[in-house]
Amino acid sequence: MKRAITSRLKALPFVLMVALSGGWALLVAAHCNTMSGPVIQDAQLALQKGDVTPILKWVKPADEAQIREAFKRTLAVRTKGPEAKDLADQYFFETLVRIHREGEGAPYTGIKPAGTEVEPGIEAADRAIETGSADALVKAMTAHVAEGIRQRFAKVTEAKKHKEESVEAGREYVEAYVIFIHYVERLHADAMTNPSHHGEQAGAPAEAHHE
(Lines give C-alpha, C1' and ligand atoms only; values in the text may rest on other atoms or scores of the structure.)
Protein backbone atom coordinates (compact mmCIF):
# COMPACT_ATOMS: atom_id res chain seq x y z
CA MET A 1 0.00 0.00 0.00
CA LYS A 2 2.74 2.45 0.97
CA ARG A 3 4.56 1.69 -2.27
CA ALA A 4 1.43 2.43 -4.30
CA ILE A 5 0.80 5.72 -2.49
CA THR A 6 4.44 6.79 -2.86
CA SER A 7 4.28 6.11 -6.58
CA ARG A 8 1.15 8.24 -6.94
CA LEU A 9 2.56 11.13 -4.95
CA LYS A 10 5.80 11.12 -6.94
CA ALA A 11 3.73 11.54 -10.08
CA LEU A 12 1.92 14.64 -8.76
CA PRO A 13 4.35 17.30 -10.04
CA PHE A 14 3.89 15.98 -13.58
CA VAL A 15 0.17 15.53 -13.03
CA LEU A 16 -0.26 19.13 -11.92
CA MET A 17 1.85 20.42 -14.79
CA VAL A 18 -0.37 18.65 -17.33
CA ALA A 19 -3.60 19.55 -15.55
CA LEU A 20 -2.77 23.21 -15.18
CA SER A 21 -1.62 23.53 -18.77
CA GLY A 22 -5.26 23.99 -19.76
CA GLY A 23 -6.73 20.52 -20.26
CA TRP A 24 -8.22 20.04 -16.81
CA ALA A 25 -10.25 23.23 -16.71
CA LEU A 26 -11.87 22.42 -20.03
CA LEU A 27 -13.32 19.17 -18.67
CA VAL A 28 -15.93 20.89 -16.63
CA ALA A 29 -19.28 21.85 -18.13
CA ALA A 30 -18.32 24.40 -20.70
CA HIS A 31 -20.37 27.48 -21.59
CA CYS A 32 -20.82 26.48 -25.23
CA ASN A 33 -24.55 26.26 -24.52
CA THR A 34 -25.03 29.89 -23.45
CA MET A 35 -26.06 32.84 -25.62
CA SER A 36 -22.83 34.62 -24.67
CA GLY A 37 -20.66 31.58 -25.31
CA PRO A 38 -18.20 31.24 -28.21
CA VAL A 39 -20.35 28.84 -30.27
CA ILE A 40 -23.35 31.15 -30.55
CA GLN A 41 -21.15 34.22 -30.92
CA ASP A 42 -19.64 32.62 -34.02
CA ALA A 43 -23.11 31.58 -35.19
CA GLN A 44 -24.37 35.16 -34.91
CA LEU A 45 -21.39 36.39 -36.91
CA ALA A 46 -21.96 33.72 -39.56
CA LEU A 47 -25.63 34.68 -39.95
CA GLN A 48 -24.77 38.37 -40.21
CA LYS A 49 -22.27 37.70 -42.98
CA GLY A 50 -24.28 34.95 -44.65
CA ASP A 51 -21.19 32.72 -44.47
CA VAL A 52 -21.30 29.37 -42.67
CA THR A 53 -17.50 29.04 -42.52
CA PRO A 54 -16.94 30.54 -39.00
CA ILE A 55 -19.08 27.85 -37.34
CA LEU A 56 -17.92 24.71 -39.11
CA LYS A 57 -15.03 24.37 -36.70
CA TRP A 58 -17.54 23.66 -33.90
CA VAL A 59 -18.83 20.45 -35.48
CA LYS A 60 -17.32 17.16 -36.59
CA PRO A 61 -16.74 16.56 -40.31
CA ALA A 62 -19.57 14.02 -40.36
CA ASP A 63 -22.00 16.70 -39.15
CA GLU A 64 -20.93 19.45 -41.51
CA ALA A 65 -23.55 18.70 -44.17
CA GLN A 66 -26.34 18.91 -41.58
CA ILE A 67 -25.11 22.28 -40.36
CA ARG A 68 -24.77 23.62 -43.89
CA GLU A 69 -28.35 22.60 -44.66
CA ALA A 70 -29.70 24.11 -41.43
CA PHE A 71 -27.76 27.32 -42.14
CA LYS A 72 -29.18 27.52 -45.66
CA ARG A 73 -32.76 27.10 -44.39
CA THR A 74 -32.20 29.67 -41.67
CA LEU A 75 -30.96 32.29 -44.12
CA ALA A 76 -34.04 31.74 -46.29
CA VAL A 77 -36.50 32.12 -43.39
CA ARG A 78 -34.73 35.17 -41.93
CA THR A 79 -35.86 37.28 -44.89
CA LYS A 80 -39.56 36.85 -44.03
CA GLY A 81 -39.73 39.43 -41.26
CA PRO A 82 -38.42 40.20 -37.75
CA GLU A 83 -40.43 37.48 -36.00
CA ALA A 84 -39.43 34.87 -38.55
CA LYS A 85 -35.82 36.00 -38.23
CA ASP A 86 -35.82 35.54 -34.45
CA LEU A 87 -37.41 32.10 -34.70
CA ALA A 88 -35.04 31.01 -37.45
CA ASP A 89 -31.99 32.20 -35.54
CA GLN A 90 -33.08 30.39 -32.38
CA TYR A 91 -33.69 27.21 -34.37
CA PHE A 92 -30.21 27.43 -35.83
CA PHE A 93 -28.53 28.16 -32.50
CA GLU A 94 -30.24 25.17 -30.92
CA THR A 95 -29.35 22.91 -33.82
CA LEU A 96 -25.71 23.99 -33.81
CA VAL A 97 -25.23 23.70 -30.06
CA ARG A 98 -26.98 20.33 -29.93
CA ILE A 99 -24.84 18.87 -32.71
CA HIS A 100 -21.68 20.38 -31.24
CA ARG A 101 -22.34 18.87 -27.82
CA GLU A 102 -23.36 15.52 -29.23
CA GLY A 103 -20.12 15.46 -31.19
CA GLU A 104 -18.20 16.01 -27.96
CA GLY A 105 -20.16 13.36 -26.08
CA ALA A 106 -22.10 15.84 -23.94
CA PRO A 107 -25.88 15.98 -23.49
CA TYR A 108 -27.88 18.85 -24.93
CA THR A 109 -29.95 20.57 -22.25
CA GLY A 110 -31.04 23.68 -24.09
CA ILE A 111 -29.52 27.12 -24.48
CA LYS A 112 -29.00 29.28 -21.42
CA PRO A 113 -29.39 33.09 -21.45
CA ALA A 114 -26.51 35.50 -21.97
CA GLY A 115 -24.77 36.27 -18.72
CA THR A 116 -25.37 32.82 -17.26
CA GLU A 117 -22.77 32.20 -14.61
CA VAL A 118 -20.15 29.67 -15.63
CA GLU A 119 -17.70 27.64 -13.60
CA PRO A 120 -14.90 29.80 -12.15
CA GLY A 121 -12.33 27.53 -13.75
CA ILE A 122 -13.80 28.07 -17.21
CA GLU A 123 -13.95 31.81 -16.67
CA ALA A 124 -10.30 31.81 -15.63
CA ALA A 125 -9.34 29.65 -18.62
CA ASP A 126 -11.17 31.99 -21.00
CA ARG A 127 -9.42 34.96 -19.44
CA ALA A 128 -6.05 33.28 -19.98
CA ILE A 129 -6.87 32.75 -23.66
CA GLU A 130 -8.02 36.36 -24.06
CA THR A 131 -4.91 37.78 -22.41
CA GLY A 132 -2.54 35.36 -24.12
CA SER A 133 -0.98 34.31 -20.82
CA ALA A 134 -1.63 31.28 -18.61
CA ASP A 135 0.46 32.60 -15.70
CA ALA A 136 -2.47 33.81 -13.56
CA LEU A 137 -4.43 30.63 -14.27
CA VAL A 138 -1.53 28.38 -13.33
CA LYS A 139 -0.94 30.35 -10.13
CA ALA A 140 -4.59 30.21 -9.06
CA MET A 141 -5.12 26.56 -9.93
CA THR A 142 -1.85 25.50 -8.31
CA ALA A 143 -2.93 27.20 -5.10
CA HIS A 144 -6.35 25.52 -5.12
CA VAL A 145 -4.95 22.07 -5.81
CA ALA A 146 -2.18 22.43 -3.25
CA GLU A 147 -4.66 23.53 -0.59
CA GLY A 148 -6.96 20.64 -1.41
CA ILE A 149 -4.13 18.13 -1.02
CA ARG A 150 -2.87 19.67 2.22
CA GLN A 151 -6.31 19.75 3.86
CA ARG A 152 -7.07 16.12 3.08
CA PHE A 153 -3.55 15.00 3.93
CA ALA A 154 -3.68 16.75 7.31
CA LYS A 155 -6.99 15.07 8.13
CA VAL A 156 -5.83 11.57 7.22
CA THR A 157 -2.51 11.87 9.05
CA GLU A 158 -4.25 13.12 12.19
CA ALA A 159 -6.81 10.31 12.03
CA LYS A 160 -4.02 7.79 11.54
CA LYS A 161 -2.62 8.64 14.99
CA HIS A 162 -5.81 7.39 16.64
CA LYS A 163 -6.97 4.63 14.30
CA GLU A 164 -6.21 1.80 16.73
CA GLU A 165 -7.91 3.42 19.73
CA SER A 166 -11.39 2.18 18.84
CA VAL A 167 -13.44 0.82 15.97
CA GLU A 168 -15.03 4.24 15.53
CA ALA A 169 -11.63 5.93 15.36
CA GLY A 170 -10.50 3.31 12.89
CA ARG A 171 -13.47 4.01 10.67
CA GLU A 172 -12.79 7.75 10.80
CA TYR A 173 -9.28 7.03 9.60
CA VAL A 174 -10.50 4.83 6.76
CA GLU A 175 -12.98 7.50 5.66
CA ALA A 176 -10.26 10.17 5.66
CA TYR A 177 -7.89 7.80 3.88
CA VAL A 178 -10.37 7.02 1.10
CA ILE A 179 -11.23 10.71 0.62
CA PHE A 180 -7.55 11.63 0.35
CA ILE A 181 -6.62 8.79 -2.01
CA HIS A 182 -9.60 9.38 -4.28
CA TYR A 183 -8.81 13.08 -4.45
CA VAL A 184 -5.29 12.29 -5.63
CA GLU A 185 -6.68 9.69 -8.04
CA ARG A 186 -9.06 12.25 -9.55
CA LEU A 187 -6.21 14.71 -10.08
CA HIS A 188 -4.20 12.03 -11.81
CA ALA A 189 -7.12 10.84 -13.96
CA ASP A 190 -8.08 14.39 -14.96
CA ALA A 191 -4.52 15.18 -15.95
CA MET A 192 -3.83 12.00 -17.88
CA THR A 193 -7.12 11.72 -19.80
CA ASN A 194 -7.57 13.27 -23.24
CA PRO A 195 -9.45 16.53 -22.49
CA SER A 196 -10.92 16.90 -25.97
CA HIS A 197 -14.29 15.34 -25.15
CA HIS A 198 -16.83 16.77 -22.69
CA GLY A 199 -18.35 13.38 -22.08
CA GLU A 200 -15.28 11.53 -20.86
CA GLN A 201 -15.50 10.51 -17.25
CA ALA A 202 -11.97 11.57 -16.47
CA GLY A 203 -12.83 12.56 -12.94
CA ALA A 204 -14.13 9.16 -11.91
CA PRO A 205 -11.73 7.95 -9.23
CA ALA A 206 -10.17 4.55 -9.37
CA GLU A 207 -10.77 2.34 -6.39
CA ALA A 208 -8.22 2.69 -3.65
CA HIS A 209 -6.19 -0.45 -3.13
CA HIS A 210 -5.75 -1.67 0.43
CA GLU A 211 -2.82 -4.03 0.74
# chains A, B, ... in the order shown; residues from 1 in each chain; ligands from 1
>>> select_by_dssp(residues="range 107-188 of chain A", states="alpha helix (DSSP H)", output="PyMOL selection string")
chain A and resi 120-131+135-160+167-188
>>> residues_around(residues="range 142-153 of chain A", least_positions_apart="4", cutoff="7 Å", atoms="only C-alpha atoms", output="PDB file with all heavy atoms, in the first residue's frame")
ATOM      1  N   VAL A 138      -2.387  29.384 -13.965  1.00  0.00           N
ATOM      2  CA  VAL A 138      -1.526  28.382 -13.328  1.00  0.00           C
ATOM      3  C   VAL A 138      -1.353  28.692 -11.844  1.00  0.00           C
ATOM      4  O   VAL A 138      -1.437  27.805 -10.994  1.00  0.00           O
ATOM      5  CB  VAL A 138      -0.143  28.329 -14.024  1.00  0.00           C
ATOM      6  CG1 VAL A 138       0.826  27.469 -13.223  1.00  0.00           C
ATOM      7  CG2 VAL A 138      -0.296  27.773 -15.436  1.00  0.00           C
ATOM      8  N   THR A 157      -3.651  12.130   8.172  1.00  0.00           N
ATOM      9  CA  THR A 157      -2.514  11.866   9.053  1.00  0.00           C
ATOM     10  C   THR A 157      -2.889  12.028  10.523  1.00  0.00           C
ATOM     11  O   THR A 157      -2.378  11.310  11.390  1.00  0.00           O
ATOM     12  CB  THR A 157      -1.336  12.807   8.712  1.00  0.00           C
ATOM     13  OG1 THR A 157      -1.790  14.164   8.705  1.00  0.00           O
ATOM     14  CG2 THR A 157      -0.759  12.463   7.359  1.00  0.00           C
ATOM     15  N   PHE A 180      -8.847  11.114   0.793  1.00  0.00           N
ATOM     16  CA  PHE A 180      -7.545  11.630   0.347  1.00  0.00           C
ATOM     17  C   PHE A 180      -7.062  10.907  -0.906  1.00  0.00           C
ATOM     18  O   PHE A 180      -6.666  11.538  -1.889  1.00  0.00           O
ATOM     19  CB  PHE A 180      -6.521  11.477   1.469  1.00  0.00           C
ATOM     20  CG  PHE A 180      -5.118  11.824   1.050  1.00  0.00           C
ATOM     21  CD1 PHE A 180      -4.769  13.131   0.739  1.00  0.00           C
ATOM     22  CD2 PHE A 180      -4.136  10.842   0.972  1.00  0.00           C
ATOM     23  CE1 PHE A 180      -3.479  13.456   0.348  1.00  0.00           C
ATOM     24  CE2 PHE A 180      -2.850  11.153   0.585  1.00  0.00           C
ATOM     25  CZ  PHE A 180      -2.513  12.454   0.271  1.00  0.00           C
TER      26      PHE A 180
END
>>> residues_around(residues="Val174 in chain A", least_positions_apart="2", cutoff="9 Å", atoms="only C-alpha atoms", output="PyMOL selection string")
chain A and resi 156+159-160+163+169-172+176-179
>>> write_last_selection(atoms="N, CA and C atoms", output="PDB file, in the first residue's frame")
ATOM      1  N   VAL A 156      -6.118  12.997   7.184  1.00  0.00           N
ATOM      2  CA  VAL A 156      -5.828  11.570   7.221  1.00  0.00           C
ATOM      3  C   VAL A 156      -4.648  11.262   8.146  1.00  0.00           C
ATOM      4  N   ALA A 159      -5.967  11.471  11.712  1.00  0.00           N
ATOM      5  CA  ALA A 159      -6.811  10.314  12.027  1.00  0.00           C
ATOM      6  C   ALA A 159      -5.978   9.055  12.189  1.00  0.00           C
ATOM      7  N   LYS A 160      -4.884   8.966  11.474  1.00  0.00           N
ATOM      8  CA  LYS A 160      -4.022   7.789  11.543  1.00  0.00           C
ATOM      9  C   LYS A 160      -3.439   7.603  12.944  1.00  0.00           C
ATOM     10  N   LYS A 163      -6.182   5.660  14.972  1.00  0.00           N
ATOM     11  CA  LYS A 163      -6.972   4.628  14.297  1.00  0.00           C
ATOM     12  C   LYS A 163      -7.091   3.321  15.074  1.00  0.00           C
ATOM     13  N   ALA A 169     -12.799   5.153  15.789  1.00  0.00           N
ATOM     14  CA  ALA A 169     -11.632   5.926  15.358  1.00  0.00           C
ATOM     15  C   ALA A 169     -11.008   5.309  14.113  1.00  0.00           C
ATOM     16  N   GLY A 170     -11.027   3.988  14.062  1.00  0.00           N
ATOM     17  CA  GLY A 170     -10.495   3.308  12.890  1.00  0.00           C
ATOM     18  C   GLY A 170     -11.306   3.637  11.642  1.00  0.00           C
ATOM     19  N   ARG A 171     -12.615   3.684  11.801  1.00  0.00           N
ATOM     20  CA  ARG A 171     -13.470   4.013  10.666  1.00  0.00           C
ATOM     21  C   ARG A 171     -13.290   5.457  10.213  1.00  0.00           C
ATOM     22  N   GLU A 172     -13.058   6.349  11.159  1.00  0.00           N
ATOM     23  CA  GLU A 172     -12.793   7.750  10.802  1.00  0.00           C
ATOM     24  C   GLU A 172     -11.511   7.855   9.981  1.00  0.00           C
ATOM     25  N   ALA A 176     -11.197   9.115   6.043  1.00  0.00           N
ATOM     26  CA  ALA A 176     -10.263  10.172   5.659  1.00  0.00           C
ATOM     27  C   ALA A 176      -9.257   9.666   4.630  1.00  0.00           C
ATOM     28  N   TYR A 177      -8.843   8.413   4.805  1.00  0.00           N
ATOM     29  CA  TYR A 177      -7.891   7.802   3.875  1.00  0.00           C
ATOM     30  C   TYR A 177      -8.491   7.709   2.469  1.00  0.00           C
ATOM     31  N   VAL A 178      -9.712   7.194   2.403  1.00  0.00           N
ATOM     32  CA  VAL A 178     -10.373   7.024   1.100  1.00  0.00           C
ATOM     33  C   VAL A 178     -10.584   8.368   0.415  1.00  0.00           C
ATOM     34  N   ILE A 179     -11.015   9.370   1.178  1.00  0.00           N
ATOM     35  CA  ILE A 179     -11.229  10.707   0.616  1.00  0.00           C
ATOM     36  C   ILE A 179      -9.928  11.264   0.037  1.00  0.00           C
TER      37      ILE A 179
END
